[in-house]
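Participant: I have a structure here, written as structure tokens, and I will follow up with some questions on it.
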Amino acid sequence: MSKYQHIREAAYYANMELPKLNLVIFTFGNVSAANRDLGVFAIKPSGVPYAELTPGKMVIVDFDGNVVEGDLRPSSDTKTHAVLYKHWDIGGICHTHSTYATSWAQAQRDIPIYGTTHADHKTVDVPCAQPMDDEMIKGDYEYQTGFQIMNCLSERKLDYREVEMILVGNHAPFTWGKSADKAVYNSAVLESIAQMAYLTEQINPDCARLKESLIKKHYERKHGPDSYYGQ
């Protein structure tokens with residue numbers, strides 16, 4: 001058995017959750033699963049329909065974006081994943097073009113924290129990274145997207161271990177976590193939060209952000225005392 005079989009399987013099963021959760025259509029989106037000891041990750045191949053995926057079709061890539069093993073071309077977002085793995089201690093990354101989260105990204109807006117569902121998972125608005133500047137776009141676009149994500153969190157003084165999701169302006173959401181499964185979970189949560197925030201603003205365009213006391217109460221109730229990291 002290949003030494004990469006476990007991450008191939010993790011990436012495969014995580015990718016197969018995306019259509020089940022209505023987070024992707026056709027061949028949109030991708031999930032990767034990393035082995036930090038080996039310095040590699042497994043990622044969905046580019047352009048292969050979900051129904052045709054198998055663990056063996058997952059492509060093994062190192063943290064510099066080089067293909068280590070696999071017969072297919074890795075996802076076009078591979079270099080973004082590689083940058084994040086190289087700089088962050090995470091085990092899985094998920095990228096979708098889910099309808100509501102992508103709509104907020106296209107609108108270049110953070111998702112405000114309006115309710116306790118959001119507060120159960122995050123104590124801050126979901127950040128939206130500003131669209132990439134022209135020079136970065138002209139260069140290695142997917143590689144620069146990784147830095148676009150990291151720079152946004154850094155500028156806002158947010159910790160990637162606490163805020164495991166982001167919108168990339170004009171593009172779509174990325175999520176991550178300790179495993180590929182957690183990254184997918186975060187993508188599903190983000191899509192739900194995005195939908196509820198959109199509907200909230202349709203019902204009441206002047207709705208207020210959730211009170212800080214409620215944010216703290218709900219987050220600590222789910223994650224334990226002293227876990228609150230709000231601003």
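Convention: chains lettered A, B, ... in structure tokens order; per-chain residue numbering from 1; ligands numbered from 1 as shown.
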Write out as a list in words the residues lying within 7 Å of Gly92 in chain A, counting only C-alpha atoms and excluding same-chain residues fewer than 2 positions away.
Facilitator: Ser32, Ala33, Ala34, Ile90, Cys94, Trp176, Gly177, Lys178, Ser179, Ala180 and Ala183 of chain A
Participant: For the residues in the current selection, export N, CA and C atoms as a compact mmCIF listing (two decimals), in the first residue's frame.
Facilitator:
# COMPACT_ATOMS: atom_id res chain seq x y z
N SER A 32 -8.50 19.24 -0.04
CA SER A 32 -7.20 18.56 0.09
C SER A 32 -7.01 18.09 1.52
N ALA A 33 -6.19 17.05 1.67
CA ALA A 33 -5.85 16.50 2.99
C ALA A 33 -4.34 16.36 3.08
N ALA A 34 -3.77 16.87 4.16
CA ALA A 34 -2.31 16.92 4.29
C ALA A 34 -1.77 15.89 5.27
N ILE A 90 -2.08 23.30 9.49
CA ILE A 90 -3.44 22.82 9.26
C ILE A 90 -3.37 21.48 8.53
N CYS A 94 -10.60 23.41 2.08
CA CYS A 94 -11.75 23.23 1.20
C CYS A 94 -12.03 24.54 0.46
N TRP A 176 -10.60 25.95 6.14
CA TRP A 176 -9.53 25.02 6.50
C TRP A 176 -9.78 24.51 7.90
N GLY A 177 -8.94 23.59 8.34
CA GLY A 177 -9.08 23.04 9.68
C GLY A 177 -8.03 21.99 9.94
N LYS A 178 -8.19 21.30 11.06
CA LYS A 178 -7.20 20.30 11.46
C LYS A 178 -7.25 19.06 10.57
N SER A 179 -8.34 18.90 9.82
CA SER A 179 -8.49 17.76 8.92
C SER A 179 -9.31 18.19 7.71
N ALA A 180 -9.33 17.34 6.69
CA ALA A 180 -10.16 17.62 5.51
C ALA A 180 -11.63 17.64 5.89
N ALA A 183 -12.50 20.93 7.42
CA ALA A 183 -12.55 21.98 6.40
C ALA A 183 -13.89 21.95 5.68
Participant: Do a neighbour search on range 187-195 of chain A at 8 Å with only C-alpha atoms, toss out local chain neighbours closer than 3 positions, and write the hits as a PyMOL selection string.
Facilitator: chain A and resi 21+23+94-96+98-101+104+111+117-118+165+173-175+183-184+198-199
Participant: Counting only C-alpha atoms, what is within 7 Å of Ala129 in chain A, bar same-chain residues fewer than 6 positions away, as number ranges by chain?
Facilitator: A: 148-149, 152, 167-169
Participant: Write a file of the just-selected residues containing N, CA, C and O atoms, as an mmCIF file, in the first residue's frame.
Facilitator:
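Contents of result-v5.cif, as written:
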data_model
loop_
_atom_site.group_PDB
_atom_site.id
_atom_site.type_symbol
_atom_site.label_atom_id
_atom_site.label_comp_id
_atom_site.auth_asym_id
_atom_site.auth_seq_id
_atom_site.Cartn_x
_atom_site.Cartn_y
_atom_site.Cartn_z
ATOM 1 N N GLN A 148 -2.905 36.411 -0.514
ATOM 2 C CA GLN A 148 -4.065 37.290 -0.358
ATOM 3 C C GLN A 148 -4.876 36.890 0.884
ATOM 4 O O GLN A 148 -5.296 37.745 1.675
ATOM 5 N N ILE A 149 -5.053 35.585 1.071
ATOM 6 C CA ILE A 149 -5.780 35.075 2.236
ATOM 7 C C ILE A 149 -5.005 35.357 3.518
ATOM 8 O O ILE A 149 -5.560 35.891 4.497
ATOM 9 N N CYS A 152 -4.874 39.117 4.490
ATOM 10 C CA CYS A 152 -6.127 39.640 5.033
ATOM 11 C C CYS A 152 -6.240 39.342 6.525
ATOM 12 O O CYS A 152 -6.549 40.233 7.322
ATOM 13 N N LEU A 167 -13.654 34.777 2.777
ATOM 14 C CA LEU A 167 -14.136 35.022 1.425
ATOM 15 C C LEU A 167 -13.021 35.736 0.664
ATOM 16 O O LEU A 167 -12.398 36.656 1.207
ATOM 17 N N VAL A 168 -12.769 35.320 -0.546
ATOM 18 C CA VAL A 168 -11.784 36.007 -1.385
ATOM 19 C C VAL A 168 -12.567 36.899 -2.339
ATOM 20 O O VAL A 168 -13.363 36.415 -3.149
ATOM 21 N N GLY A 169 -12.373 38.201 -2.220
ATOM 22 C CA GLY A 169 -13.143 39.167 -2.984
ATOM 23 C C GLY A 169 -13.155 38.883 -4.471
ATOM 24 O O GLY A 169 -12.109 38.614 -5.062
#
Participant: If you run DSSP over the backbone, which residues in range 22-122 of chain A end up strand (DSSP E or B)? Put them as a list in words.
Facilitator: Asn30, Val31, Ser32, Ala33, Ala34, Asn35, Val40, Phe41, Ala42, Ile43, Pro45, Val59, Ile60, Val61, Asp62, Val67, Val68, Glu69, Pro74, Gly92, Ile93, Cys94, His95 and Ile111 of chain A
Participant: List as a list in words the protein and nucleic acid residues near Glu155 in chain A, meaning an atom at most 12 Å away when only C-alpha atoms are counted, but skip any in the same chain fewer than 4 places from it.
Facilitator: Pro127, Cys128, Ala129, Gln130, Phe147, Gln148, Ile149, Met150, Asn151 and Asp159 of chain A
Participant: Just checking: using only C-alpha atoms, which residue out of A:Asn35, A:Asn30, A:Asn15, A:Ser213 ends up closest to Thr123 in chain A?
Facilitator: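 Once distances to Thr123 in chain A are computed over only C-alpha atoms, the minimum belongs to A:Ser213.
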Participant: Taking into account only C-alpha atoms, which residue in the set A:Asp120, A:Glu164, A:Asp62, A:Glu142 is nearest to Ser227 in chain A?
Facilitator: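 Using only C-alpha atoms, Ser227 in chain A sits closest to A:Asp120.
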Participant: Going by DSSP on the backbone, which residues of range 88-162 of chain A come out as alpha helix (DSSP H)? List them as a CSV table (one decimal) with N, CA and C atoms, in the first residue's frame.
Facilitator:
chain,number,residue,atom,x,y,z
A,99,THR,N,-23.3,29.0,-3.4
A,99,THR,CA,-24.0,30.1,-3.9
A,99,THR,C,-24.0,31.4,-3.0
A,100,TYR,N,-24.4,31.2,-1.7
A,100,TYR,CA,-24.5,32.4,-0.9
A,100,TYR,C,-23.1,32.9,-0.4
A,101,ALA,N,-22.2,32.0,0.0
A,101,ALA,CA,-20.9,32.5,0.4
A,101,ALA,C,-20.2,33.2,-0.8
A,102,THR,N,-20.3,32.6,-2.0
A,102,THR,CA,-19.7,33.3,-3.2
A,102,THR,C,-20.3,34.6,-3.5
A,103,SER,N,-21.6,34.7,-3.3
A,103,SER,CA,-22.3,36.0,-3.6
A,103,SER,C,-21.8,37.1,-2.7
A,104,TRP,N,-21.5,36.8,-1.4
A,104,TRP,CA,-20.9,37.8,-0.5
A,104,TRP,C,-19.5,38.1,-0.9
A,105,ALA,N,-18.8,37.1,-1.4
A,105,ALA,CA,-17.4,37.4,-1.9
A,105,ALA,C,-17.4,38.3,-3.1
A,106,GLN,N,-18.4,38.0,-4.0
A,106,GLN,CA,-18.5,38.8,-5.2
A,106,GLN,C,-19.0,40.3,-4.9
A,116,THR,N,-27.0,33.9,16.7
A,116,THR,CA,-26.3,33.0,17.5
A,116,THR,C,-25.7,31.8,16.8
A,117,THR,N,-26.3,31.5,15.6
A,117,THR,CA,-25.7,30.4,14.8
A,117,THR,C,-24.3,30.7,14.4
A,118,HIS,N,-24.1,31.9,14.0
A,118,HIS,CA,-22.8,32.4,13.6
A,118,HIS,C,-21.9,32.4,14.8
A,119,ALA,N,-22.4,32.9,16.0
A,119,ALA,CA,-21.7,33.0,17.2
A,119,ALA,C,-21.3,31.7,17.8
A,120,ASP,N,-22.0,30.6,17.5
A,120,ASP,CA,-21.6,29.3,17.9
A,120,ASP,C,-20.3,28.9,17.3
A,121,HIS,N,-20.0,29.4,16.2
A,121,HIS,CA,-18.8,29.0,15.4
A,121,HIS,C,-17.7,30.1,15.3
A,134,ASP,N,-3.7,44.4,-9.6
A,134,ASP,CA,-3.4,44.0,-11.0
A,134,ASP,C,-2.0,43.3,-11.1
A,135,GLU,N,-1.0,43.7,-10.4
A,135,GLU,CA,0.3,43.1,-10.5
A,135,GLU,C,0.3,41.7,-10.0
A,136,MET,N,-0.4,41.4,-9.0
A,136,MET,CA,-0.6,40.0,-8.5
A,136,MET,C,-1.3,39.2,-9.5
A,137,ILE,N,-2.4,39.7,-10.1
A,137,ILE,CA,-3.2,39.0,-11.0
A,137,ILE,C,-2.3,38.6,-12.3
A,138,LYS,N,-1.4,39.6,-12.7
A,138,LYS,CA,-0.6,39.3,-13.8
A,138,LYS,C,0.4,38.2,-13.6
A,141,TYR,N,-1.3,33.7,-10.3
A,141,TYR,CA,-2.5,34.1,-9.7
A,141,TYR,C,-2.9,33.2,-8.5
A,142,GLU,N,-2.9,31.9,-8.8
A,142,GLU,CA,-3.3,30.9,-7.7
A,142,GLU,C,-2.3,30.9,-6.5
A,143,TYR,N,-1.0,31.1,-6.8
A,143,TYR,CA,0.0,31.2,-5.8
A,143,TYR,C,-0.3,32.5,-5.0
A,144,GLN,N,-0.5,33.6,-5.6
A,144,GLN,CA,-0.8,34.8,-4.9
A,144,GLN,C,-2.1,34.8,-4.1
A,145,THR,N,-3.0,34.0,-4.5
A,145,THR,CA,-4.3,33.9,-3.7
A,145,THR,C,-4.0,33.4,-2.3
A,146,GLY,N,-3.0,32.5,-2.2
A,146,GLY,CA,-2.7,32.1,-0.8
A,146,GLY,C,-2.2,33.2,0.1
A,147,PHE,N,-1.4,34.1,-0.5
A,147,PHE,CA,-0.9,35.3,0.2
A,147,PHE,C,-2.0,36.3,0.4
A,148,GLN,N,-2.9,36.4,-0.5
A,148,GLN,CA,-4.1,37.3,-0.4
A,148,GLN,C,-4.9,36.9,0.9
A,149,ILE,N,-5.1,35.6,1.1
A,149,ILE,CA,-5.8,35.1,2.2
A,149,ILE,C,-5.0,35.4,3.5
A,150,MET,N,-3.7,35.0,3.5
A,150,MET,CA,-2.9,35.2,4.8
A,150,MET,C,-2.8,36.7,5.1
A,151,ASN,N,-2.6,37.5,4.1
A,151,ASN,CA,-2.5,39.0,4.4
A,151,ASN,C,-3.7,39.6,5.0
A,152,CYS,N,-4.9,39.1,4.5
A,152,CYS,CA,-6.1,39.6,5.0
A,152,CYS,C,-6.2,39.3,6.5
A,153,LEU,N,-6.0,38.1,6.9
A,153,LEU,CA,-6.1,37.7,8.3
A,153,LEU,C,-5.0,38.5,9.1
A,154,SER,N,-3.8,38.6,8.6
A,154,SER,CA,-2.8,39.3,9.3
A,154,SER,C,-3.1,40.8,9.5
A,155,GLU,N,-3.6,41.5,8.5
A,155,GLU,CA,-4.0,42.9,8.6
A,155,GLU,C,-5.1,43.1,9.6
Participant: Can you tell me which residues surround Leu38 in chain A at a distance of at most 10 Å, considering only C-alpha atoms, apart from same-chain residues fewer than 5 positions away, and format the answer as a list of chain:residue names?
Facilitator: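 Listed by chain and then number, they are A:Lys3, A:Tyr4, A:Asp62, A:Phe63.
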